[in-house]
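Structure file target-v7.tsv; described as TSV, C-alpha atoms.
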```tsv
chain	number	residue	atom	x	y	z
V	717	GLY	CA	-2.30	31.58	-24.06
V	718	ALA	CA	-1.49	30.64	-20.52
V	719	VAL	CA	-4.13	28.71	-18.59
V	720	VAL	CA	-5.00	28.97	-14.93
V	721	SER	CA	-7.17	26.21	-13.53
V	722	GLN	CA	-9.26	26.89	-10.43
V	723	HIS	CA	-11.23	24.27	-8.51
V	724	PRO	CA	-13.87	23.82	-7.43
V	725	SER	CA	-16.11	26.02	-9.58
V	726	TRP	CA	-18.72	26.17	-6.89
V	727	VAL	CA	-19.08	24.85	-3.37
V	728	ILE	CA	-21.84	24.85	-0.78
V	729	CYS	CA	-20.88	24.23	2.82
V	730	LYS	CA	-22.29	24.46	6.30
V	731	SER	CA	-21.38	27.29	8.59
V	732	GLY	CA	-18.28	26.50	10.63
V	733	THR	CA	-16.63	24.21	8.12
V	734	SER	CA	-13.48	24.92	6.13
V	735	VAL	CA	-13.24	25.10	2.37
V	736	LYS	CA	-10.11	24.80	0.24
V	737	ILE	CA	-9.83	26.36	-3.22
V	738	GLU	CA	-7.01	25.40	-5.57
V	739	CYS	CA	-5.42	27.52	-8.25
V	740	ARG	CA	-3.01	25.91	-10.73
V	741	SER	CA	-1.00	27.38	-13.56
V	742	LEU	CA	-1.10	24.62	-16.16
V	743	ASP	CA	1.51	25.62	-18.70
V	744	PHE	CA	3.71	28.17	-17.00
V	745	GLN	CA	5.43	28.79	-13.72
V	746	ALA	CA	3.82	31.36	-11.50
V	747	THR	CA	6.05	32.71	-8.78
V	748	THR	CA	3.27	35.10	-7.80
V	749	MET	CA	-0.44	34.46	-7.57
V	750	PHE	CA	-3.17	36.80	-6.41
V	751	TRP	CA	-6.45	36.02	-4.68
V	752	TYR	CA	-9.48	38.23	-5.22
V	753	ARG	CA	-12.99	38.24	-3.78
V	754	GLN	CA	-16.01	39.64	-5.52
V	755	PHE	CA	-19.45	40.29	-4.02
V	756	PRO	CA	-22.48	40.57	-6.31
V	757	LYS	CA	-22.42	43.66	-8.54
V	758	GLN	CA	-19.14	44.77	-7.04
V	759	SER	CA	-15.63	44.73	-8.40
V	760	LEU	CA	-12.77	42.42	-7.56
V	761	MET	CA	-11.15	43.16	-4.25
V	762	LEU	CA	-7.58	42.00	-3.80
V	763	MET	CA	-7.27	39.82	-0.72
V	764	ALA	CA	-3.67	38.70	-0.77
V	765	THR	CA	-0.57	38.15	-2.81
V	766	SER	CA	0.76	34.61	-2.75
V	767	ASN	CA	4.47	34.12	-3.26
V	768	GLU	CA	5.99	30.70	-3.87
V	769	GLY	CA	7.94	29.49	-0.89
V	770	SER	CA	7.14	32.40	1.37
V	771	LYS	CA	4.31	33.77	3.45
V	772	ALA	CA	1.45	35.48	1.68
V	773	THR	CA	1.00	39.23	1.92
V	774	TYR	CA	-2.52	40.19	2.96
V	775	GLU	CA	-4.35	43.40	2.14
V	776	GLN	CA	-5.55	45.62	4.91
V	777	GLY	CA	-8.70	44.30	6.53
V	778	VAL	CA	-8.25	40.69	5.37
V	779	GLU	CA	-7.89	38.22	8.25
V	780	LYS	CA	-4.85	36.05	7.63
V	781	ASP	CA	-5.98	33.46	10.16
V	782	LYS	CA	-9.29	33.08	8.43
V	783	PHE	CA	-8.05	33.00	4.85
V	784	LEU	CA	-5.07	30.68	4.81
V	785	ILE	CA	-2.94	30.82	1.69
V	786	ASN	CA	-0.33	28.26	0.75
V	787	HIS	CA	1.90	28.56	-2.31
V	788	ALA	CA	4.06	25.48	-1.99
V	789	SER	CA	5.06	25.08	-5.63
V	790	LEU	CA	5.51	27.18	-8.76
V	791	THR	CA	2.23	25.95	-10.18
V	792	LEU	CA	-0.13	25.68	-7.20
V	793	SER	CA	-1.59	28.07	-4.68
V	794	THR	CA	-4.44	27.23	-2.32
V	795	LEU	CA	-6.85	29.42	-0.37
V	796	THR	CA	-8.55	27.87	2.65
V	797	VAL	CA	-11.53	29.66	4.13
V	798	THR	CA	-11.53	28.48	7.74
V	799	SER	CA	-14.66	28.29	9.86
V	800	ALA	CA	-16.72	29.72	7.04
V	801	HIS	CA	-19.76	31.84	7.82
V	802	PRO	CA	-22.57	33.11	5.58
V	803	GLU	CA	-20.86	36.49	5.21
V	804	ASP	CA	-17.95	34.67	3.53
V	805	SER	CA	-20.24	33.68	0.68
V	806	SER	CA	-18.67	35.27	-2.37
V	807	PHE	CA	-17.00	34.69	-5.72
V	808	TYR	CA	-13.30	33.96	-5.22
V	809	ILE	CA	-10.92	34.33	-8.16
V	810	CYS	CA	-7.22	33.60	-8.41
V	811	SER	CA	-4.81	35.01	-10.92
V	812	ALA	CA	-1.23	34.27	-11.82
V	813	ARG	CA	1.52	36.19	-13.48
V	814	ASP	CA	3.38	34.69	-16.42
V	815	ARG	CA	6.84	36.18	-16.49
V	816	GLN	CA	7.35	34.96	-20.04
V	817	GLU	CA	4.96	37.67	-21.16
V	818	THR	CA	6.42	40.94	-22.39
V	819	TYR	CA	4.49	42.82	-19.75
V	820	GLU	CA	2.94	42.12	-16.42
V	821	LYS	CA	-0.18	40.40	-17.68
V	822	LEU	CA	-2.28	38.35	-15.28
V	823	PHE	CA	-4.18	35.22	-16.18
V	824	PHE	CA	-7.32	34.49	-14.21
V	825	GLY	CA	-8.85	31.28	-13.05
V	826	SER	CA	-12.51	30.66	-13.74
V	827	GLY	CA	-13.52	31.50	-10.18
V	828	THR	CA	-15.15	29.68	-7.28
V	829	GLN	CA	-18.62	30.56	-6.08
V	830	LEU	CA	-18.78	29.82	-2.35
V	831	SER	CA	-22.12	29.61	-0.60
V	832	VAL	CA	-22.11	29.14	3.16
V	833	LEU	CA	-25.39	28.01	4.67
J	893	GLY	CA	-2.63	54.50	-2.01
J	894	GLN	CA	-4.69	54.16	-5.15
J	895	ASN	CA	-8.08	55.38	-6.25
J	896	ILE	CA	-9.90	54.45	-9.43
J	897	ASP	CA	-13.12	56.02	-10.66
J	898	GLN	CA	-15.33	54.90	-13.51
J	899	PRO	CA	-19.04	55.31	-14.23
J	900	THR	CA	-21.29	52.72	-12.65
J	901	GLU	CA	-23.56	52.08	-15.61
J	902	MET	CA	-23.84	52.96	-19.29
J	903	THR	CA	-26.24	52.09	-22.06
J	904	ALA	CA	-25.68	52.08	-25.79
J	905	THR	CA	-27.28	50.96	-29.02
J	906	GLU	CA	-26.17	48.02	-31.11
J	907	GLY	CA	-23.81	49.17	-33.86
J	908	ALA	CA	-22.88	52.38	-32.06
J	909	ILE	CA	-19.65	53.49	-30.39
J	910	VAL	CA	-19.26	53.85	-26.64
J	911	GLN	CA	-16.43	55.32	-24.57
J	912	ILE	CA	-15.91	54.24	-20.97
J	913	ASN	CA	-13.77	56.61	-18.95
J	914	CYS	CA	-11.49	55.86	-16.04
J	915	THR	CA	-9.64	58.31	-13.84
J	916	TYR	CA	-7.12	57.33	-11.23
J	917	GLN	CA	-4.72	58.49	-8.58
J	918	THR	CA	-1.74	56.38	-7.64
J	919	SER	CA	1.64	56.67	-6.00
J	920	GLY	CA	3.23	54.15	-8.37
J	921	PHE	CA	2.36	53.28	-11.95
J	922	ASN	CA	3.26	50.15	-13.88
J	923	GLY	CA	0.42	50.05	-16.36
J	924	LEU	CA	-3.32	50.35	-16.82
J	925	PHE	CA	-5.48	47.43	-17.90
J	926	TRP	CA	-9.00	46.99	-19.15
J	927	TYR	CA	-10.89	43.76	-18.55
J	928	GLN	CA	-14.31	42.54	-19.61
J	929	GLN	CA	-16.34	40.48	-17.19
J	930	HIS	CA	-19.63	38.70	-17.71
J	931	ALA	CA	-21.66	37.86	-14.64
J	932	GLY	CA	-20.33	34.83	-12.76
J	933	GLU	CA	-17.24	34.55	-14.92
J	934	ALA	CA	-13.61	35.51	-14.57
J	935	PRO	CA	-12.37	38.74	-16.15
J	936	THR	CA	-11.08	38.60	-19.71
J	937	PHE	CA	-8.09	40.75	-20.68
J	938	LEU	CA	-8.85	43.45	-23.24
J	939	SER	CA	-5.98	45.91	-23.29
J	940	TYR	CA	-2.88	47.26	-21.59
J	941	ASN	CA	-1.39	50.75	-21.67
J	942	VAL	CA	1.84	51.78	-20.03
J	943	LEU	CA	2.78	54.69	-22.31
J	944	ASP	CA	0.62	57.65	-23.30
J	945	GLY	CA	-1.44	57.22	-26.41
J	946	LEU	CA	-3.91	54.99	-28.12
J	947	GLU	CA	-3.71	51.22	-28.40
J	948	GLU	CA	-6.03	49.69	-30.97
J	949	LYS	CA	-7.08	46.06	-31.12
J	950	GLY	CA	-9.93	45.28	-33.47
J	951	ARG	CA	-13.17	46.82	-32.24
J	952	PHE	CA	-11.55	47.84	-28.96
J	953	SER	CA	-9.18	50.74	-28.35
J	954	SER	CA	-7.72	52.07	-25.14
J	955	PHE	CA	-6.18	55.44	-24.45
J	956	LEU	CA	-3.92	56.59	-21.64
J	957	SER	CA	-2.75	59.98	-20.39
J	958	ARG	CA	-0.47	59.50	-17.42
J	959	SER	CA	-0.16	63.22	-16.70
J	960	LYS	CA	-3.94	63.50	-16.39
J	961	GLY	CA	-4.45	60.16	-14.64
J	962	TYR	CA	-6.98	59.29	-17.31
J	963	SER	CA	-7.81	56.38	-19.55
J	964	TYR	CA	-10.70	55.36	-21.72
J	965	LEU	CA	-11.88	52.21	-23.44
J	966	LEU	CA	-13.54	52.69	-26.80
J	967	LEU	CA	-15.83	50.02	-28.17
J	968	LYS	CA	-16.88	50.28	-31.81
J	969	GLU	CA	-19.61	48.51	-33.77
J	970	LEU	CA	-21.27	47.42	-30.57
J	971	GLN	CA	-22.80	43.97	-30.45
J	972	MET	CA	-25.30	42.54	-28.01
J	973	LYS	CA	-22.62	40.23	-26.62
J	974	ASP	CA	-20.65	43.31	-25.53
J	975	SER	CA	-23.14	43.74	-22.68
J	976	ALA	CA	-20.90	43.13	-19.68
J	977	SER	CA	-18.97	44.86	-16.95
J	978	TYR	CA	-15.79	46.64	-17.98
J	979	LEU	CA	-13.12	46.90	-15.33
J	980	CYS	CA	-10.38	49.49	-15.29
J	981	ALA	CA	-7.41	48.11	-13.36
J	982	LEU	CA	-4.23	49.77	-12.23
J	983	MET	CA	-0.91	48.09	-11.66
J	984	GLY	CA	0.80	50.24	-9.07
J	985	GLY	CA	3.68	49.69	-6.74
J	986	TYR	CA	4.59	46.09	-5.87
J	987	ASN	CA	2.99	45.08	-9.20
J	988	LYS	CA	-0.41	44.44	-7.61
J	989	LEU	CA	-3.39	44.80	-9.91
J	990	ILE	CA	-6.11	46.89	-8.29
J	991	PHE	CA	-9.51	47.06	-9.92
J	992	GLY	CA	-12.00	49.88	-10.19
J	993	ALA	CA	-15.63	49.25	-9.34
J	994	GLY	CA	-16.44	48.46	-12.97
J	995	THR	CA	-18.86	49.90	-15.50
J	996	ARG	CA	-21.91	47.82	-16.42
J	997	LEU	CA	-22.63	48.31	-20.08
J	998	ALA	CA	-26.03	47.40	-21.50
J	999	VAL	CA	-26.28	47.22	-25.29
J	1000	HIS	CA	-29.80	47.53	-26.69
J	1001	PRO	CA	-31.08	46.63	-30.17
```
Structure translated into structure tokens:
Amino acid sequence: GAVVSQHPSWVICKSGTSVKIECRSLDFQATTMFWYRQFPKQSLMLMATSNEGSKATYEQGVEKDKFLINHASLTLSTLTVTSAHPEDSSFYICSARDRQETYEKLFFGSGTQLSVL
Amino acid sequence: GQNIDQPTEMTATEGAIVQINCTYQTSGFNGLFWYQQHAGEAPTFLSYNVLDGLEEKGRFSSFLSRSKGYSYLLLKELQMKDSASYLCALMGGYNKLIFGAGTRLAVHP
């Protein structure tokens, strides 16, 4: 099956610094990628939809200036958490759609656990 | 908008059968998915329903009734490794996948 690689798996940073998370589709082209955030014992909350070559579409309540998304190629999308604060500590997961599938199935990266001190 | 409801927690015995229900309201419908998620890991795809009826895949089956806004995931011959969260997810308008809060299933010997 299709593989989505997400790096890093975990990151610890100081408050006020920026963190970049990469999401790559390894064996298929992903014109659309999605970024989710998950707090402990809660479900995945969609943050934004990342479209190759265009601006990302953010969900209501998600600060676009704080969570910068770049989807510069058909296989790579990045999420940058700018000026991170402890409340941004969460599990971030990307997913990508493989249009070769017979239905709209999403493939998920392995997730990034962000801890902001 | 969309709204997805599923029980928060369930418990079951090894070897038994468990049914996890999911009800939803949505303005657009492009399919209903079930995912399994272990703590700290990414979700794993289990099933997809876009038409009414039952889809069976090994020990897992999923049912959909679009007119009732209702789906269930059926797990047979439960194993200890089935202890996980089970996420009902709806693909609505704009083909965005929106997740329910998840059901934490605990399987006991």
Counting all atoms listed in the file, I want the residues whose atoms come within 9 Å of (-12.3, 31.4, 8.0) in the file frame, returned as a PyMOL selection string. chain V and resi 732-735+779-784+796-801+804
Show which residues sit within 7 Å of stretch 913-930 of chain J, as a VMD selection string. Count only C-alpha atoms, and ignore same-chain residues fewer than 4 positions away. chain J and resid 893 to 898 934 to 942 961 to 965 976 to 985 987
Selected residue of minimal separation from chain J among V:Ser725, V:Ser831, V:Asn767, V:Gln758, counting only C-alpha atoms: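 Smallest separation from chain J among the options: V:Gln758.
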Residues of chain V that have any atom at most 7 Å from an atom of chain J: could you tabulate them with the shortest-distance atom pair and the distance in Å to one decimal, using only C-alpha atoms, ordered by chain and increasing number, as a Markdown table?
```
| residue | atom | partner | partner_atom | distance |
| --- | --- | --- | --- | --- |
| V:Gln758 | CA | J:Ala993 | CA | 6.1 |
| V:Ser759 | CA | J:Ala993 | CA | 4.6 |
| V:Leu760 | CA | J:Phe991 | CA | 6.1 |
| V:Leu762 | CA | J:Ile990 | CA | 6.8 |
| V:Phe824 | CA | J:Ala934 | CA | 6.4 |
| V:Gly825 | CA | J:Ala934 | CA | 6.5 |
| V:Ser826 | CA | J:Ala934 | CA | 5.0 |
| V:Gly827 | CA | J:Ala934 | CA | 5.9 |
```
Selected residues, C-alpha atoms, written as a PDB file, in the coordinates of the input, please.
```
ATOM      1  CA  GLN V 758     -19.140  44.770  -7.040  1.00  0.00           C
ATOM      2  CA  SER V 759     -15.630  44.730  -8.400  1.00  0.00           C
ATOM      3  CA  LEU V 760     -12.770  42.420  -7.560  1.00  0.00           C
ATOM      4  CA  LEU V 762      -7.580  42.000  -3.800  1.00  0.00           C
ATOM      5  CA  PHE V 824      -7.320  34.490 -14.210  1.00  0.00           C
ATOM      6  CA  GLY V 825      -8.850  31.280 -13.050  1.00  0.00           C
ATOM      7  CA  SER V 826     -12.510  30.660 -13.740  1.00  0.00           C
ATOM      8  CA  GLY V 827     -13.520  31.500 -10.180  1.00  0.00           C
TER       9      GLY V 827
END
```
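One distance worth recording is that between atom CA of J:Arg951 and atom CA of V:Ser721, which is 28.5 Å.
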Closest of V:Asn786, V:Ser766, V:Ser805, V:Gln722 to V:Thr747 - atom-to-atom distances counting all atoms listed in the file: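 Checking each candidate against V:Thr747, we get V:Ser766 as the closest.
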Hey, what's within 12 Å of J:Gly950 if we count only C-alpha atoms and toss same-chain stuff fewer than 3 positions away? As number ranges by chain, please? J: 938-939, 947, 953-954, 966-970
